[in-house]
file work_27.txt (compact mmCIF, C-alpha atoms and all ligand atoms)
# COMPACT_ATOMS: atom_id res chain seq x y z
CA MET G 24 20.00 -4.58 6.55
CA THR G 25 18.27 -1.72 8.38
CA ASP G 26 21.19 0.75 8.73
CA GLY G 27 20.22 4.18 7.45
CA PHE G 28 16.69 3.06 6.59
CA ARG G 29 15.03 5.63 8.85
CA GLU G 30 17.24 8.43 7.52
CA ARG G 31 16.45 7.41 3.93
CA TYR G 32 12.70 6.72 4.26
CA GLY G 33 11.61 8.32 7.56
CA PRO G 34 10.55 9.89 9.70
CA TRP G 35 6.97 8.83 8.85
CA ALA G 36 5.71 5.92 6.74
CA LEU G 37 2.16 5.53 5.44
CA VAL G 38 0.78 1.99 5.08
CA THR G 39 -2.65 1.23 3.59
CA GLY G 40 -4.38 -1.99 4.56
CA ALA G 41 -2.25 -2.04 7.66
CA SER G 42 -4.43 -3.85 10.18
CA GLU G 43 -3.76 -7.45 9.18
CA GLY G 44 -1.89 -9.69 6.77
CA ILE G 45 0.95 -8.28 4.69
CA GLY G 46 0.11 -4.67 5.63
CA GLU G 47 0.35 -5.49 9.34
CA SER G 48 3.75 -7.06 8.66
CA PHE G 49 4.85 -3.87 6.89
CA ALA G 50 3.76 -1.88 9.94
CA ARG G 51 5.72 -4.20 12.25
CA SER G 52 8.87 -4.18 10.12
CA LEU G 53 8.84 -0.40 9.69
CA ALA G 54 8.22 0.12 13.41
CA ALA G 55 11.22 -2.11 14.15
CA ARG G 56 13.28 0.20 11.90
CA GLY G 57 12.19 3.18 14.03
CA LEU G 58 9.77 4.85 11.59
CA ASN G 59 6.65 6.61 12.87
CA LEU G 60 3.54 5.24 11.24
CA LEU G 61 0.35 6.42 9.56
CA LEU G 62 -1.87 3.34 9.33
CA VAL G 63 -5.03 3.09 7.23
CA ALA G 64 -7.75 0.43 7.04
CA ARG G 65 -11.55 0.35 7.19
CA ARG G 66 -12.02 -1.24 10.63
CA ALA G 67 -10.91 0.73 13.67
CA GLY G 68 -10.58 -2.14 16.18
CA PRO G 69 -7.63 -4.12 14.77
CA LEU G 70 -5.91 -0.98 13.54
CA ASP G 71 -6.01 0.73 16.93
CA ALA G 72 -4.89 -2.44 18.75
CA LEU G 73 -1.87 -2.74 16.46
CA ALA G 74 -1.07 0.97 16.86
CA ALA G 75 -1.11 0.67 20.66
CA GLU G 76 1.12 -2.41 20.56
CA LEU G 77 3.69 -0.79 18.24
CA ARG G 78 3.82 2.46 20.25
CA ALA G 79 4.53 0.46 23.42
CA ALA G 80 7.05 -1.91 21.82
CA HIS G 81 9.09 0.59 19.79
CA GLY G 82 8.49 4.03 21.35
CA ILE G 83 7.36 5.39 17.99
CA GLN G 84 4.39 7.59 17.12
CA VAL G 85 1.50 5.86 15.36
CA ARG G 86 -1.61 7.54 13.94
CA THR G 87 -4.54 5.71 12.42
CA ALA G 88 -7.33 6.55 9.99
CA THR G 89 -10.32 4.33 9.35
CA ALA G 90 -11.02 4.92 5.69
CA ASP G 91 -11.74 3.03 2.50
CA VAL G 92 -8.90 3.90 0.12
CA ALA G 93 -11.50 3.94 -2.67
CA ARG G 94 -13.09 7.12 -1.29
CA PRO G 95 -12.82 10.08 -3.68
CA ASP G 96 -11.34 12.38 -1.01
CA LEU G 97 -8.62 9.89 -0.03
CA LEU G 98 -5.79 12.41 -0.33
CA ALA G 99 -7.55 14.91 1.96
CA VAL G 100 -7.99 12.14 4.55
CA LEU G 101 -4.31 11.20 4.29
CA ASP G 102 -3.17 14.83 4.54
CA ALA G 103 -5.29 15.30 7.67
CA LEU G 104 -3.76 12.14 9.12
CA ALA G 105 -0.20 13.27 8.34
CA GLY G 106 -0.89 16.73 9.77
CA GLY G 107 2.10 18.26 7.98
CA GLU G 108 4.63 15.57 9.05
CA GLU G 109 7.13 14.35 6.48
CA VAL G 110 6.00 11.13 4.84
CA GLY G 111 9.18 9.49 3.56
CA LEU G 112 7.70 6.12 2.61
CA VAL G 113 4.33 5.16 1.13
CA VAL G 114 3.29 1.51 1.05
CA HIS G 115 0.10 0.84 -0.88
CA ASN G 116 -0.93 -2.61 0.24
CA ALA G 117 -4.75 -2.66 0.49
CA ALA G 118 -6.39 -4.46 -2.40
CA PHE G 119 -9.74 -5.69 -3.63
CA SER G 120 -9.76 -8.96 -5.54
CA ALA G 121 -13.28 -9.58 -6.99
CA LEU G 122 -12.71 -13.34 -7.12
CA GLY G 123 -14.85 -15.61 -9.28
CA PRO G 124 -16.47 -15.58 -12.72
CA PHE G 125 -16.16 -12.12 -14.32
CA LEU G 126 -19.73 -11.99 -15.64
CA GLU G 127 -21.17 -12.85 -12.23
CA ARG G 128 -19.56 -9.86 -10.47
CA SER G 129 -21.45 -6.59 -10.30
CA PHE G 130 -19.99 -3.66 -12.19
CA ALA G 131 -19.76 -1.81 -8.87
CA ASP G 132 -17.33 -4.52 -7.67
CA LEU G 133 -15.22 -4.13 -10.81
CA GLN G 134 -15.10 -0.38 -10.29
CA GLN G 135 -13.97 -1.00 -6.71
CA VAL G 136 -11.04 -3.02 -8.13
CA ILE G 137 -10.01 0.02 -10.15
CA ASP G 138 -10.51 2.47 -7.28
CA VAL G 139 -8.62 0.45 -4.66
CA ASN G 140 -5.91 -1.18 -6.79
CA CYS G 141 -5.27 1.51 -9.45
CA ARG G 142 -6.70 4.93 -8.59
CA ALA G 143 -5.50 4.94 -4.96
CA PRO G 144 -1.84 4.04 -5.70
CA LEU G 145 -1.78 6.43 -8.67
CA ALA G 146 -3.13 9.28 -6.53
CA MET G 147 -0.78 8.56 -3.63
CA ALA G 148 2.31 8.20 -5.83
CA HIS G 149 1.51 11.55 -7.48
CA HIS G 150 0.64 13.41 -4.28
CA PHE G 151 3.37 12.13 -1.98
CA GLY G 152 5.87 11.80 -4.84
CA LYS G 153 5.74 15.57 -5.35
CA LYS G 154 6.49 16.19 -1.65
CA MET G 155 9.30 13.60 -1.69
CA ALA G 156 10.82 15.14 -4.83
CA ALA G 157 10.85 18.55 -3.13
CA ARG G 158 12.87 16.99 -0.27
CA GLY G 159 15.04 14.92 -2.61
CA ARG G 160 14.33 11.58 -0.94
CA GLY G 161 11.64 9.00 -0.32
CA GLY G 162 10.25 5.60 -1.25
CA ILE G 163 7.04 4.15 -2.71
CA VAL G 164 6.17 0.45 -2.49
CA LEU G 165 3.20 -1.02 -4.36
CA MET G 166 2.12 -4.48 -3.21
CA THR G 167 1.17 -6.47 -6.23
CA SER G 168 0.99 -10.06 -7.33
CA LEU G 169 2.32 -12.91 -9.45
CA ALA G 170 -1.15 -12.73 -11.00
CA GLY G 171 -0.19 -9.40 -12.59
CA GLY G 172 2.31 -11.09 -14.93
CA GLN G 173 -0.33 -12.30 -17.37
CA GLY G 174 -4.09 -12.54 -17.77
CA THR G 175 -5.55 -14.70 -15.02
CA PRO G 176 -8.99 -16.30 -15.43
CA MET G 177 -11.39 -16.06 -12.43
CA VAL G 178 -9.50 -13.00 -11.16
CA ALA G 179 -9.19 -11.21 -14.52
CA SER G 180 -9.94 -7.70 -13.22
CA TYR G 181 -7.70 -8.15 -10.14
CA ALA G 182 -4.81 -9.48 -12.28
CA ALA G 183 -5.20 -6.57 -14.71
CA SER G 184 -5.12 -4.09 -11.81
CA LYS G 185 -2.02 -5.77 -10.40
CA ALA G 186 -0.35 -5.49 -13.84
CA PHE G 187 -1.15 -1.76 -13.68
CA GLU G 188 0.73 -1.47 -10.38
CA ILE G 189 3.74 -3.38 -11.71
CA VAL G 190 4.03 -1.25 -14.85
CA LEU G 191 3.40 1.98 -12.92
CA ALA G 192 6.15 1.12 -10.43
CA GLU G 193 8.57 0.17 -13.21
CA GLY G 194 8.11 3.48 -15.01
CA LEU G 195 8.33 5.54 -11.83
CA TRP G 196 11.39 3.58 -10.65
CA ASP G 197 13.37 5.05 -13.52
CA GLU G 198 11.61 8.41 -13.78
CA LEU G 199 11.76 9.36 -10.10
CA ARG G 200 15.24 7.98 -9.31
CA PRO G 201 16.96 11.27 -10.20
CA ALA G 202 14.62 12.99 -7.69
CA GLY G 203 15.89 10.63 -4.97
CA ILE G 204 12.72 8.52 -4.84
CA ASP G 205 12.94 4.73 -4.84
CA VAL G 206 9.92 2.92 -6.27
CA LEU G 207 9.28 -0.81 -6.01
CA ALA G 208 6.56 -3.26 -7.03
CA CYS G 209 6.55 -6.30 -4.75
CA ARG G 210 4.91 -9.31 -6.42
CA ALA G 211 3.69 -11.83 -3.87
CA GLY G 212 2.45 -15.34 -4.55
CA ALA G 213 -0.02 -17.12 -2.30
CA THR G 214 0.63 -15.78 1.21
CA ARG G 215 -0.94 -16.83 4.52
CA THR G 216 -3.12 -13.84 5.46
CA PRO G 217 -6.66 -13.56 6.91
CA SER G 218 -7.81 -12.24 3.53
CA TYR G 219 -6.32 -15.19 1.62
CA GLU G 220 -7.81 -17.66 4.09
CA ALA G 221 -11.22 -15.94 3.92
CA SER G 222 -11.22 -16.49 0.15
CA ARG G 223 -11.46 -20.24 0.96
CA PRO G 224 -9.34 -21.63 -1.86
CA ARG G 225 -10.43 -25.23 -2.50
CA LYS G 226 -6.96 -26.32 -3.57
CA LYS G 227 -4.02 -26.31 -1.14
CA VAL G 228 -0.92 -24.55 -2.44
CA PRO G 229 2.36 -23.77 -0.67
CA LEU G 230 1.97 -20.50 1.22
CA MET G 231 4.56 -17.92 2.17
CA GLU G 232 4.27 -16.15 5.51
CA ALA G 233 3.68 -12.38 5.37
CA GLY G 234 6.85 -11.45 7.31
CA PRO G 235 9.36 -12.77 4.74
CA VAL G 236 7.39 -11.15 1.88
CA VAL G 237 7.80 -7.78 3.59
CA GLU G 238 11.47 -8.28 4.45
CA GLU G 239 12.22 -9.16 0.81
CA ALA G 240 10.36 -6.04 -0.33
CA LEU G 241 12.20 -3.73 2.06
CA ALA G 242 15.54 -5.29 1.13
CA ALA G 243 14.82 -4.76 -2.59
CA LEU G 244 13.67 -1.14 -2.21
CA GLY G 245 16.25 1.13 -3.83
CA ARG G 246 17.92 -1.78 -5.62
CA GLN G 247 15.48 -2.83 -8.33
CA PRO G 248 12.06 -1.92 -9.78
CA VAL G 249 10.29 -5.22 -9.09
CA VAL G 250 10.82 -8.06 -6.65
CA VAL G 251 9.07 -11.43 -6.72
CA ALA G 252 8.94 -12.56 -3.10
CA GLY G 253 10.06 -16.12 -2.38
CA ARG G 254 12.26 -18.61 -4.20
CA LEU G 255 9.38 -20.86 -5.28
CA ASN G 256 7.44 -17.86 -6.61
CA ARG G 257 10.52 -16.72 -8.55
CA ALA G 258 10.79 -20.20 -10.11
CA VAL G 259 7.07 -20.18 -11.04
CA ASN G 260 7.43 -16.68 -12.46
CA PHE G 261 10.44 -17.74 -14.54
CA VAL G 262 8.45 -20.59 -16.06
CA MET G 263 5.44 -18.37 -16.72
CA GLN G 264 7.33 -15.44 -18.20
CA ARG G 265 10.28 -17.08 -19.94
CA LEU G 266 9.52 -20.70 -20.74
CA LEU G 267 5.80 -20.81 -21.57
CA SER G 268 4.15 -18.99 -24.45
CA ARG G 269 1.79 -16.20 -23.34
CA SER G 270 -1.32 -18.29 -24.14
CA ALA G 271 0.10 -21.35 -22.36
CA ALA G 272 0.86 -19.22 -19.28
CA ILE G 273 -2.72 -17.85 -19.23
CA ARG G 274 -4.18 -21.35 -19.59
CA PHE G 275 -1.89 -22.64 -16.83
CA MET G 276 -3.09 -19.87 -14.50
CA GLY G 277 -6.70 -20.57 -15.51
CA LYS G 278 -6.43 -24.26 -14.63
CA HIS G 279 -5.00 -23.33 -11.27
CA THR G 280 -7.52 -20.58 -10.38
CA ARG G 281 -10.52 -22.62 -11.58
CA LYS G 282 -9.49 -25.45 -9.26
CA MET G 283 -9.26 -22.93 -6.44
CA TYR G 284 -12.34 -20.78 -6.99
CA GLU G 285 -14.85 -22.27 -9.45
N1 LIG D 301 -2.35 -12.94 0.43
C1 LIG D 301 -1.97 -13.33 -0.77
O1 LIG D 301 -1.99 -14.53 -1.08
C2 LIG D 301 -1.48 -12.33 -1.79
C3 LIG D 301 -0.94 -12.81 -3.00
C4 LIG D 301 -0.49 -11.89 -3.94
C5 LIG D 301 -0.56 -10.53 -3.69
N2 LIG D 301 -1.10 -10.10 -2.51
C6 LIG D 301 -1.20 -8.65 -2.32
O2 LIG D 301 -0.74 -8.29 -1.03
C7 LIG D 301 -1.51 -7.21 -0.51
C8 LIG D 301 -2.07 -7.57 0.86
O3 LIG D 301 -2.85 -8.71 0.76
P1 LIG D 301 -3.51 -9.41 2.03
O4 LIG D 301 -3.69 -10.85 1.70
O5 LIG D 301 -2.77 -9.06 3.28
O6 LIG D 301 -5.00 -8.84 2.10
P2 LIG D 301 -5.81 -7.55 1.64
O7 LIG D 301 -7.23 -7.90 1.71
O8 LIG D 301 -5.31 -7.03 0.34
O9 LIG D 301 -5.42 -6.52 2.75
C9 LIG D 301 -5.94 -6.65 4.02
C10 LIG D 301 -5.77 -5.31 4.72
O10 LIG D 301 -6.25 -4.24 3.89
C11 LIG D 301 -7.34 -3.57 4.52
N3 LIG D 301 -8.22 -3.15 3.44
C12 LIG D 301 -8.82 -3.95 2.53
N4 LIG D 301 -9.54 -3.21 1.66
C13 LIG D 301 -9.37 -1.92 2.02
C14 LIG D 301 -9.83 -0.69 1.52
N5 LIG D 301 -10.67 -0.65 0.46
N6 LIG D 301 -9.46 0.46 2.11
C15 LIG D 301 -8.64 0.43 3.19
N7 LIG D 301 -8.16 -0.71 3.71
C16 LIG D 301 -8.51 -1.88 3.14
C17 LIG D 301 -7.86 -4.58 5.52
O11 LIG D 301 -8.45 -4.02 6.66
P3 LIG D 301 -10.02 -3.59 6.69
O12 LIG D 301 -10.78 -4.81 6.27
O13 LIG D 301 -10.24 -3.18 8.09
O14 LIG D 301 -10.13 -2.47 5.72
C18 LIG D 301 -6.56 -5.24 5.97
O15 LIG D 301 -5.86 -4.38 6.87
C19 LIG D 301 -2.59 -6.91 -1.57
O16 LIG D 301 -2.15 -5.83 -2.37
C20 LIG D 301 -2.65 -8.17 -2.39
O17 LIG D 301 -3.04 -7.93 -3.74
C21 LIG D 301 -1.57 -10.95 -1.56
call {"tool": "encode", "arguments": {"input": "work_27.txt", "output": "structure tokens", "more": "lines below"}}
Ligand SMILES: NC(=O)c1ccc[n+]([C@@H]2O[C@H](COP(=O)([O-])OP(=O)(O)OC[C@H]3O[C@@H](n4cnc5c(N)ncnc54)[C@H](OP(=O)(O)O)[C@@H]3O)[C@@H](O)[C@H]2O)c1
result
Amino acid sequence: MTDGFRERYGPWALVTGASEGIGESFARSLAARGLNLLLVARRAGPLDALAAELRAAHGIQVRTATADVARPDLLAVLDALAGGEEVGLVVHNAAFSALGPFLERSFADLQQVIDVNCRAPLAMAHHFGKKMAARGRGGIVLMTSLAGGQGTPMVASYAASKAFEIVLAEGLWDELRPAGIDVLACRAGATRTPSYEASRPRKKVPLMEAGPVVEEALAALGRQPVVVAGRLNRAVNFVMQRLLSRSAAIRFMGKHTRKMYE
């Protein structure tokens, strides 16, 4: 259902982590809905290639910024990129996962988890939320994870940061609704992306493709605070959240992630 999407969430959408994987799929789906795009990632090559392709295919405007979303002046970079255009939709998709044993990661890595997965979405929701509230419309999507539903060994800091995004989106979903702003946390399970494949999981698990994750997120925006993408992921989430005790759910996740990453 794309009718009225551009009027509700356009004319410009900002997507972080847009050059590949789920972020690239967001860029493609939003371009197909006629939104102009502000795309952010650290590497210029793939970002610029995607921008050129989407301009040619959809006749939209696409601007890119090569920036780490952890940088302290992120909002200034994003304002310069937007150049005063109306940003009606913000998708925070870039993430840092700090896989592996907690005590073996450097503290700098753990801080990067906070900066990319917590500080950046908080700053963007606050900054662009104010502009959206002044216009009386807009949308904010935070890409998060099944891992954010409970503590998850071997990715403890990542899971905690993903819980932050879920709870932030839930609160803002209700608080910002009267201002005309729709907020959504999209919780993905294992999804076939270059980043997932680069993590070299030793155990094979069923993977979703990025496209359907994004379509489920965009369909849920404005309808609910949180969506778990994919039927299998919803079943797993039901077991974890409703049937297992909290400690059993954590141990279940631990067994699974140790097999994948220890
Ligand atoms: N794939 C999965 O299995 C899975 C499962 C659950 C949840 N998720 C969530 O879905 C989202 C997307 O995941 P993904 O698998 O597509 O991979 P990802 O590594 O989170 O995102 C890849 C994209 O983000 C960019 N990026 C990474 N770090 C960045 C940073 N610090 N600043 C700016 N851009 C950055 C990458 O380009 P550059 O390298 O050029 O910066 C690339 O465009 C994440 O929020 C993740 O937590 C994914």
call {"tool": "residues_around", "arguments": {"input": "work_27.txt", "residues": "segment 141-150 of chain G", "least_positions_apart": "2", "cutoff": "8 Å", "atoms": "all atoms listed in the file", "output": "list of chain:residue names"}}
result
G:Val92, G:Ala93, G:Leu97, G:Leu98, G:Val113, G:His115, G:Val136, G:Ile137, G:Asp138, G:Val139, G:Gly152, G:Lys153, G:Lys154, G:Ile163, G:Leu165, G:Ser184, G:Phe187, G:Glu188
call {"tool": "write_last_selection", "arguments": {"input": "work_27.txt", "atoms": "C-alpha atoms", "output": "PDB file, keeping the file's coordinate frame"}}
result
ATOM      1  CA  VAL G  92      -8.900   3.900   0.120  1.00  0.00           C
ATOM      2  CA  ALA G  93     -11.500   3.940  -2.670  1.00  0.00           C
ATOM      3  CA  LEU G  97      -8.620   9.890  -0.030  1.00  0.00           C
ATOM      4  CA  LEU G  98      -5.790  12.410  -0.330  1.00  0.00           C
ATOM      5  CA  VAL G 113       4.330   5.160   1.130  1.00  0.00           C
ATOM      6  CA  HIS G 115       0.100   0.840  -0.880  1.00  0.00           C
ATOM      7  CA  VAL G 136     -11.040  -3.020  -8.130  1.00  0.00           C
ATOM      8  CA  ILE G 137     -10.010   0.020 -10.150  1.00  0.00           C
ATOM      9  CA  ASP G 138     -10.510   2.470  -7.280  1.00  0.00           C
ATOM     10  CA  VAL G 139      -8.620   0.450  -4.660  1.00  0.00           C
ATOM     11  CA  GLY G 152       5.870  11.800  -4.840  1.00  0.00           C
ATOM     12  CA  LYS G 153       5.740  15.570  -5.350  1.00  0.00           C
ATOM     13  CA  LYS G 154       6.490  16.190  -1.650  1.00  0.00           C
ATOM     14  CA  ILE G 163       7.040   4.150  -2.710  1.00  0.00           C
ATOM     15  CA  LEU G 165       3.200  -1.020  -4.360  1.00  0.00           C
ATOM     16  CA  SER G 184      -5.120  -4.090 -11.810  1.00  0.00           C
ATOM     17  CA  PHE G 187      -1.150  -1.760 -13.680  1.00  0.00           C
ATOM     18  CA  GLU G 188       0.730  -1.470 -10.380  1.00  0.00           C
TER      19      GLU G 188
END
call {"tool": "closest_residue", "arguments": {"input": "work_27.txt", "among": "G:Arg265, G:Lys226, G:Arg246, G:Arg215", "to": "Lys278 of chain G", "atoms": "only C-alpha atoms"}}
result
G:Lys226
call {"tool": "closest_atom_pairs", "arguments": {"input": "work_27.txt", "of": "chain G", "to": "ligand LIG 301 (chain D)", "cutoff": "8 Å", "atoms": "all atoms listed in the file", "output": "tab-separated table"}}
result
residue	atom	partner	partner_atom	distance
G:Thr39	CA	D:LIG301	N7	5.8
G:Gly40	CA	D:LIG301	O10	3.0
G:Ala41	CA	D:LIG301	O15	4.4
G:Ser42	CA	D:LIG301	O15	3.6
G:Glu43	CA	D:LIG301	O15	4.4
G:Gly44	CA	D:LIG301	O5	3.7
G:Ile45	CA	D:LIG301	O5	4.1
G:Gly46	CA	D:LIG301	O5	5.8
G:Glu47	CA	D:LIG301	O15	6.8
G:Val63	CA	D:LIG301	C15	6.0
G:Ala64	CA	D:LIG301	N7	3.5
G:Arg65	CA	D:LIG301	O14	3.5
G:Arg66	CA	D:LIG301	O13	3.7
G:Ala67	CA	D:LIG301	O13	6.8
G:Pro69	CA	D:LIG301	O13	7.2
G:Leu70	CA	D:LIG301	O13	7.3
G:Thr89	CA	D:LIG301	C15	7.5
G:Ala90	CA	D:LIG301	C15	5.7
G:Asp91	CA	D:LIG301	N6	3.5
G:Val92	CA	D:LIG301	N6	4.0
G:Ala93	CA	D:LIG301	N5	5.6
G:His115	CA	D:LIG301	O16	7.2
G:Asn116	CA	D:LIG301	O16	4.3
G:Ala117	CA	D:LIG301	O10	4.0
G:Ala118	CA	D:LIG301	O8	3.9
G:Phe119	CA	D:LIG301	N4	5.8
G:Ser120	CA	D:LIG301	O17	7.0
G:Gln135	CA	D:LIG301	N5	7.9
G:Val139	CA	D:LIG301	N5	5.6
G:Asn140	CA	D:LIG301	O16	7.4
G:Leu165	CA	D:LIG301	O16	7.5
G:Met166	CA	D:LIG301	O16	4.6
G:Thr167	CA	D:LIG301	C6	5.1
G:Ser168	CA	D:LIG301	C5	4.0
G:Leu169	CA	D:LIG301	C4	6.3
G:Ala170	CA	D:LIG301	C4	7.1
G:Tyr181	CA	D:LIG301	O17	7.9
G:Lys185	CA	D:LIG301	O17	7.1
G:Arg210	CA	D:LIG301	C5	6.2
G:Ala211	CA	D:LIG301	C4	4.2
G:Gly212	CA	D:LIG301	C3	4.5
G:Ala213	CA	D:LIG301	O1	3.5
G:Thr214	CA	D:LIG301	O1	3.7
G:Arg215	CA	D:LIG301	N1	5.8
G:Thr216	CA	D:LIG301	O4	4.8
G:Pro217	CA	D:LIG301	O4	6.6
G:Ser218	CA	D:LIG301	O6	4.6
G:Tyr219	CA	D:LIG301	N1	4.7
G:Leu230	CA	D:LIG301	O1	7.5
G:Ala233	CA	D:LIG301	O5	7.5
call {"tool": "write_last_selection", "arguments": {"input": "work_27.txt", "atoms": "C-alpha atoms", "output": "compact mmCIF listing (two decimals), keeping the file's coordinate frame"}}
result
# COMPACT_ATOMS: atom_id res chain seq x y z
CA THR G 39 -2.65 1.23 3.59
CA GLY G 40 -4.38 -1.99 4.56
CA ALA G 41 -2.25 -2.04 7.66
CA SER G 42 -4.43 -3.85 10.18
CA GLU G 43 -3.76 -7.45 9.18
CA GLY G 44 -1.89 -9.69 6.77
CA ILE G 45 0.95 -8.28 4.69
CA GLY G 46 0.11 -4.67 5.63
CA GLU G 47 0.35 -5.49 9.34
CA VAL G 63 -5.03 3.09 7.23
CA ALA G 64 -7.75 0.43 7.04
CA ARG G 65 -11.55 0.35 7.19
CA ARG G 66 -12.02 -1.24 10.63
CA ALA G 67 -10.91 0.73 13.67
CA PRO G 69 -7.63 -4.12 14.77
CA LEU G 70 -5.91 -0.98 13.54
CA THR G 89 -10.32 4.33 9.35
CA ALA G 90 -11.02 4.92 5.69
CA ASP G 91 -11.74 3.03 2.50
CA VAL G 92 -8.90 3.90 0.12
CA ALA G 93 -11.50 3.94 -2.67
CA HIS G 115 0.10 0.84 -0.88
CA ASN G 116 -0.93 -2.61 0.24
CA ALA G 117 -4.75 -2.66 0.49
CA ALA G 118 -6.39 -4.46 -2.40
CA PHE G 119 -9.74 -5.69 -3.63
CA SER G 120 -9.76 -8.96 -5.54
CA GLN G 135 -13.97 -1.00 -6.71
CA VAL G 139 -8.62 0.45 -4.66
CA ASN G 140 -5.91 -1.18 -6.79
CA LEU G 165 3.20 -1.02 -4.36
CA MET G 166 2.12 -4.48 -3.21
CA THR G 167 1.17 -6.47 -6.23
CA SER G 168 0.99 -10.06 -7.33
CA LEU G 169 2.32 -12.91 -9.45
CA ALA G 170 -1.15 -12.73 -11.00
CA TYR G 181 -7.70 -8.15 -10.14
CA LYS G 185 -2.02 -5.77 -10.40
CA ARG G 210 4.91 -9.31 -6.42
CA ALA G 211 3.69 -11.83 -3.87
CA GLY G 212 2.45 -15.34 -4.55
CA ALA G 213 -0.02 -17.12 -2.30
CA THR G 214 0.63 -15.78 1.21
CA ARG G 215 -0.94 -16.83 4.52
CA THR G 216 -3.12 -13.84 5.46
CA PRO G 217 -6.66 -13.56 6.91
CA SER G 218 -7.81 -12.24 3.53
CA TYR G 219 -6.32 -15.19 1.62
CA LEU G 230 1.97 -20.50 1.22
CA ALA G 233 3.68 -12.38 5.37
call {"tool": "residues_around", "arguments": {"input": "work_27.txt", "residues": "Ala183 of chain G", "least_positions_apart": "6", "cutoff": "8 Å", "atoms": "only C-alpha atoms", "output": "JSON, numbers by chain"}}
result
{"G": [171, 173, 174]}
call {"tool": "closest_residue", "arguments": {"input": "work_27.txt", "among": "G:Asp26, G:Glu193, G:Asp96, G:Asp132", "to": "Pro248 of chain G", "atoms": "only C-alpha atoms"}}
result
G:Glu193
call {"tool": "closest_residue", "arguments": {"input": "work_27.txt", "among": "G:Val249, G:Leu60, G:Ala131, G:Leu126", "to": "Pro34 of chain G", "atoms": "all atoms listed in the file"}}
result
G:Leu60
call {"tool": "atom_distance", "arguments": {"input": "work_27.txt", "atom1": "atom CA of Ala258 of chain G", "atom2": "atom CA of Ala221 of chain G"}}
result
26.4 Å
call {"tool": "closest_residue", "arguments": {"input": "work_27.txt", "among": "G:Arg128, G:Ala36, G:Arg78, G:Val250", "to": "Leu101 of chain G", "atoms": "all atoms listed in the file"}}
result
G:Ala36
call {"tool": "atom_distance", "arguments": {"input": "work_27.txt", "atom1": "atom CA of Glu198 of chain G", "atom2": "atom CA of Arg29 of chain G"}}
result
23.1 Å
call {"tool": "closest_residue", "arguments": {"input": "work_27.txt", "among": "G:Val259, G:Leu73, G:Ile83, G:Val38", "to": "Asn59 of chain G", "atoms": "all atoms listed in the file"}}
result
G:Ile83
call {"tool": "closest_residue", "arguments": {"input": "work_27.txt", "among": "G:Val85, G:Gly245, G:Trp196, G:Ala105", "to": "Phe28 of chain G", "atoms": "all atoms listed in the file"}}
result
G:Gly245
call {"tool": "atom_distance", "arguments": {"input": "work_27.txt", "atom1": "atom CA of Asp205 of chain G", "atom2": "atom CA of Gln247 of chain G"}}
result
8.7 Å
